[in-house]
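One structure below.
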Amino acid sequence: GARTHLSCRERGRLLLIPLADILYLRADLKYVAARTLAREYLLDESLTHLETEFSARFIRVHRSALVARDAIAGFEKSVSSVGSDGETQWQVILRGIAERLPVSRRQWPLIKSYARQGGN
């Protein structure tokens, strides 16, 4: 059967993180950070593997981030301070936390289509 939890090794313990609690997964050097409402956990799994295994639950918004479909509250534009052109970039608004995640230009057409379908 499909996994319902991801595991995190931390200070000599093995913690089980319910998949339903994870808001997003973000690649962070050689680890993947799993963010819940309460905190962040470091996983020893690849983002690509997690995307393949849990494609029904998570959607890729950036090469380094997957967001839980039911954690998406909406999208907003932000003006990038990088570069002199003031490029506009979309960000994901997440339920329950103030943090925003960037949406890459490459992923925006897919994300926009997903949003138009009402998140289905």
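Each chain in the structure tokens gets a letter, A, B, ..., in the order shown, and its residues are numbered from 1; ligands are numbered from 1 in order too.
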| said: So that I can see what lies close to Val103 (chain A), please list as number ranges by chain the residues with an atom at most 12 Å from it, counting only C-alpha atoms and leaving out residues fewer than 5 positions away in the same chain. | reply: A: 59-67, 74-78, 88-93, 108-112
| request: Provide the CA of Leu37 (chain A) to CA of Leu16 (chain A) distance in Å, to one decimal place. | output: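 Distance between the two atoms: 15.1 Å.
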| Pick from A:Leu23, A:Ser7, A:Ala2, A:Leu43: nearest to Ala68 (chain A), with only C-alpha atoms counted? |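 Residue with the minimum atom-to-atom distance to Ala68 (chain A): A:Leu23.
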| query | Can you tell me, as a PyMOL selection string, what residues are no more than 9 Å from Gly119 (chain A) when counting only C-alpha atoms, ignoring any on the same chain fewer than 2 positions away? | reply | chain A and resi 69-70+72+113-117
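CA of Arg100 (chain A) lies 17.0 Å from CA of Glu87 (chain A).
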| said: I need the residues in region 1-116 of chain A that are alpha helix (DSSP H) according to DSSP; give them as a ChimeraX atom specification. | reply: /A:47-53,108-116
Expected file contents, prior selection, all heavy atoms, as a short mmCIF file (atom, residue, chain, number, x, y, z; two decimals), in the first residue's frame:
```cif
data_model
loop_
_atom_site.label_atom_id
_atom_site.label_comp_id
_atom_site.auth_asym_id
_atom_site.auth_seq_id
_atom_site.Cartn_x
_atom_site.Cartn_y
_atom_site.Cartn_z
N LEU A 47 13.74 14.81 -3.89
CA LEU A 47 12.50 15.50 -4.26
C LEU A 47 11.85 14.83 -5.47
O LEU A 47 10.63 14.67 -5.52
CB LEU A 47 12.79 16.97 -4.54
CG LEU A 47 11.60 17.90 -4.57
CD1 LEU A 47 10.93 17.97 -3.20
CD2 LEU A 47 12.02 19.30 -4.99
N THR A 48 12.67 14.39 -6.41
CA THR A 48 12.15 13.73 -7.61
C THR A 48 11.42 12.44 -7.25
O THR A 48 10.34 12.17 -7.77
CB THR A 48 13.30 13.42 -8.59
OG1 THR A 48 13.98 14.63 -8.89
CG2 THR A 48 12.79 12.80 -9.86
N HIS A 49 12.00 11.65 -6.34
CA HIS A 49 11.35 10.41 -5.91
C HIS A 49 10.02 10.71 -5.21
O HIS A 49 9.01 10.06 -5.46
CB HIS A 49 12.27 9.61 -4.98
CG HIS A 49 11.61 8.42 -4.39
ND1 HIS A 49 11.43 7.24 -5.08
CD2 HIS A 49 11.04 8.22 -3.18
CE1 HIS A 49 10.80 6.38 -4.33
NE2 HIS A 49 10.54 6.94 -3.16
N LEU A 50 10.02 11.70 -4.33
CA LEU A 50 8.79 12.07 -3.61
C LEU A 50 7.72 12.58 -4.57
O LEU A 50 6.55 12.28 -4.42
CB LEU A 50 9.10 13.12 -2.54
CG LEU A 50 9.95 12.62 -1.37
CD1 LEU A 50 10.46 13.78 -0.54
CD2 LEU A 50 9.16 11.64 -0.52
N GLU A 51 8.14 13.34 -5.59
CA GLU A 51 7.19 13.84 -6.59
C GLU A 51 6.54 12.68 -7.34
O GLU A 51 5.33 12.67 -7.55
CB GLU A 51 7.88 14.76 -7.58
CG GLU A 51 6.95 15.28 -8.65
CD GLU A 51 7.64 16.16 -9.67
OE1 GLU A 51 8.86 16.03 -9.87
OE2 GLU A 51 6.95 16.99 -10.29
N THR A 52 7.33 11.70 -7.72
CA THR A 52 6.81 10.54 -8.44
C THR A 52 5.86 9.73 -7.57
O THR A 52 4.76 9.38 -7.99
CB THR A 52 7.97 9.64 -8.92
OG1 THR A 52 8.83 10.42 -9.75
CG2 THR A 52 7.46 8.44 -9.69
N GLU A 53 6.27 9.49 -6.34
CA GLU A 53 5.46 8.66 -5.44
C GLU A 53 4.17 9.33 -5.00
O GLU A 53 3.14 8.68 -4.85
CB GLU A 53 6.29 8.30 -4.20
CG GLU A 53 5.59 7.33 -3.27
CD GLU A 53 6.45 6.87 -2.10
OE1 GLU A 53 7.63 7.24 -2.04
OE2 GLU A 53 5.91 6.15 -1.25
N TRP A 108 4.74 27.98 -14.15
CA TRP A 108 3.56 28.84 -14.06
C TRP A 108 2.41 28.39 -14.96
O TRP A 108 1.26 28.37 -14.50
CB TRP A 108 3.92 30.30 -14.28
CG TRP A 108 2.71 31.18 -14.21
CD1 TRP A 108 2.21 31.98 -15.19
CD2 TRP A 108 1.81 31.32 -13.10
NE1 TRP A 108 1.07 32.61 -14.77
CE2 TRP A 108 0.80 32.22 -13.49
CE3 TRP A 108 1.74 30.77 -11.83
CZ2 TRP A 108 -0.25 32.58 -12.65
CZ3 TRP A 108 0.70 31.12 -10.99
CH2 TRP A 108 -0.28 32.03 -11.41
N PRO A 109 2.61 28.02 -16.23
CA PRO A 109 1.47 27.58 -17.05
C PRO A 109 0.70 26.41 -16.42
O PRO A 109 -0.53 26.40 -16.42
CB PRO A 109 2.10 27.18 -18.38
CG PRO A 109 3.36 28.00 -18.45
CD PRO A 109 3.85 28.08 -17.02
N LEU A 110 1.41 25.43 -15.87
CA LEU A 110 0.77 24.29 -15.21
C LEU A 110 0.02 24.75 -13.96
O LEU A 110 -1.13 24.36 -13.73
CB LEU A 110 1.82 23.24 -14.83
CG LEU A 110 1.33 22.09 -13.95
CD1 LEU A 110 0.37 21.20 -14.73
CD2 LEU A 110 2.50 21.29 -13.43
N ILE A 111 0.64 25.60 -13.17
CA ILE A 111 0.03 26.10 -11.93
C ILE A 111 -1.21 26.93 -12.25
O ILE A 111 -2.25 26.81 -11.60
CB ILE A 111 1.05 26.92 -11.11
CG1 ILE A 111 2.26 26.07 -10.74
CG2 ILE A 111 0.40 27.53 -9.89
CD1 ILE A 111 1.95 24.84 -9.92
N LYS A 112 -1.11 27.77 -13.28
CA LYS A 112 -2.24 28.61 -13.68
C LYS A 112 -3.42 27.74 -14.13
O LYS A 112 -4.57 27.98 -13.77
CB LYS A 112 -1.80 29.56 -14.80
CG LYS A 112 -2.84 30.60 -15.16
CD LYS A 112 -2.29 31.71 -16.04
CE LYS A 112 -1.69 31.23 -17.30
NZ LYS A 112 -1.30 32.29 -18.25
N SER A 113 -3.12 26.70 -14.89
CA SER A 113 -4.15 25.76 -15.34
C SER A 113 -4.78 25.06 -14.13
O SER A 113 -6.00 24.91 -14.07
CB SER A 113 -3.52 24.74 -16.29
OG SER A 113 -4.42 23.71 -16.56
N TYR A 114 -3.97 24.64 -13.19
CA TYR A 114 -4.45 23.99 -11.97
C TYR A 114 -5.38 24.95 -11.19
O TYR A 114 -6.45 24.56 -10.75
CB TYR A 114 -3.24 23.59 -11.11
CG TYR A 114 -3.60 23.12 -9.72
CD1 TYR A 114 -4.10 21.85 -9.51
CD2 TYR A 114 -3.44 23.95 -8.62
CE1 TYR A 114 -4.43 21.41 -8.23
CE2 TYR A 114 -3.76 23.52 -7.35
CZ TYR A 114 -4.26 22.26 -7.16
OH TYR A 114 -4.58 21.83 -5.90
N ALA A 115 -4.98 26.20 -11.08
CA ALA A 115 -5.78 27.20 -10.35
C ALA A 115 -7.12 27.45 -11.06
O ALA A 115 -8.16 27.57 -10.41
CB ALA A 115 -5.01 28.50 -10.21
N ARG A 116 -7.11 27.50 -12.38
CA ARG A 116 -8.34 27.73 -13.15
C ARG A 116 -9.33 26.59 -13.00
O ARG A 116 -10.54 26.79 -13.09
CB ARG A 116 -8.01 27.95 -14.63
CG ARG A 116 -7.47 29.32 -14.89
CD ARG A 116 -7.41 29.58 -16.38
NE ARG A 116 -6.91 30.93 -16.62
CZ ARG A 116 -6.03 31.25 -17.53
NH1 ARG A 116 -5.55 30.31 -18.33
NH2 ARG A 116 -5.63 32.48 -17.68
#
```
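Considering only C-alpha atoms, the residue among A:Ala71, A:Ala38, A:Val79, A:Ala33 positioned nearest to Arg57 (chain A) is A:Ala71.
Counting from CA of Ile17 (chain A), the distance to CA of His5 (chain A) is 5.2 Å.
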| query | Which residue gives the smallest distance to Leu94 (chain A) among A:Leu42, A:Leu14, A:Ile22, A:Val32, with only C-alpha atoms counted? | reply |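 So, comparing all the options, the nearest one is A:Ile22.
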| said: Among chain A, which ones does DSSP assign to strand (DSSP E) (computed from the backbone)? Answer as an MDAnalysis selection string. | reply: chainID A and resid 5:10 13:18 24:28 31:35 40:43 58:62 65:68 72:79 88:94 100:102
| request: Using only C-alpha atoms, pick whichever of A:Arg106, A:Phe58, A:Gly118, A:Asp44 has the shortest atom-to-atom distance to Ala73 (chain A). | output: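 Among A:Arg106, A:Phe58, A:Gly118, A:Asp44, it is A:Gly118 that comes nearest to Ala73 (chain A).
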| Which residue of A:Ser55, A:Ser46, A:Gly96, A:Tyr41 approaches Leu29 (chain A) most closely, using only C-alpha atoms |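 Nearest to Leu29 (chain A): A:Ser46.
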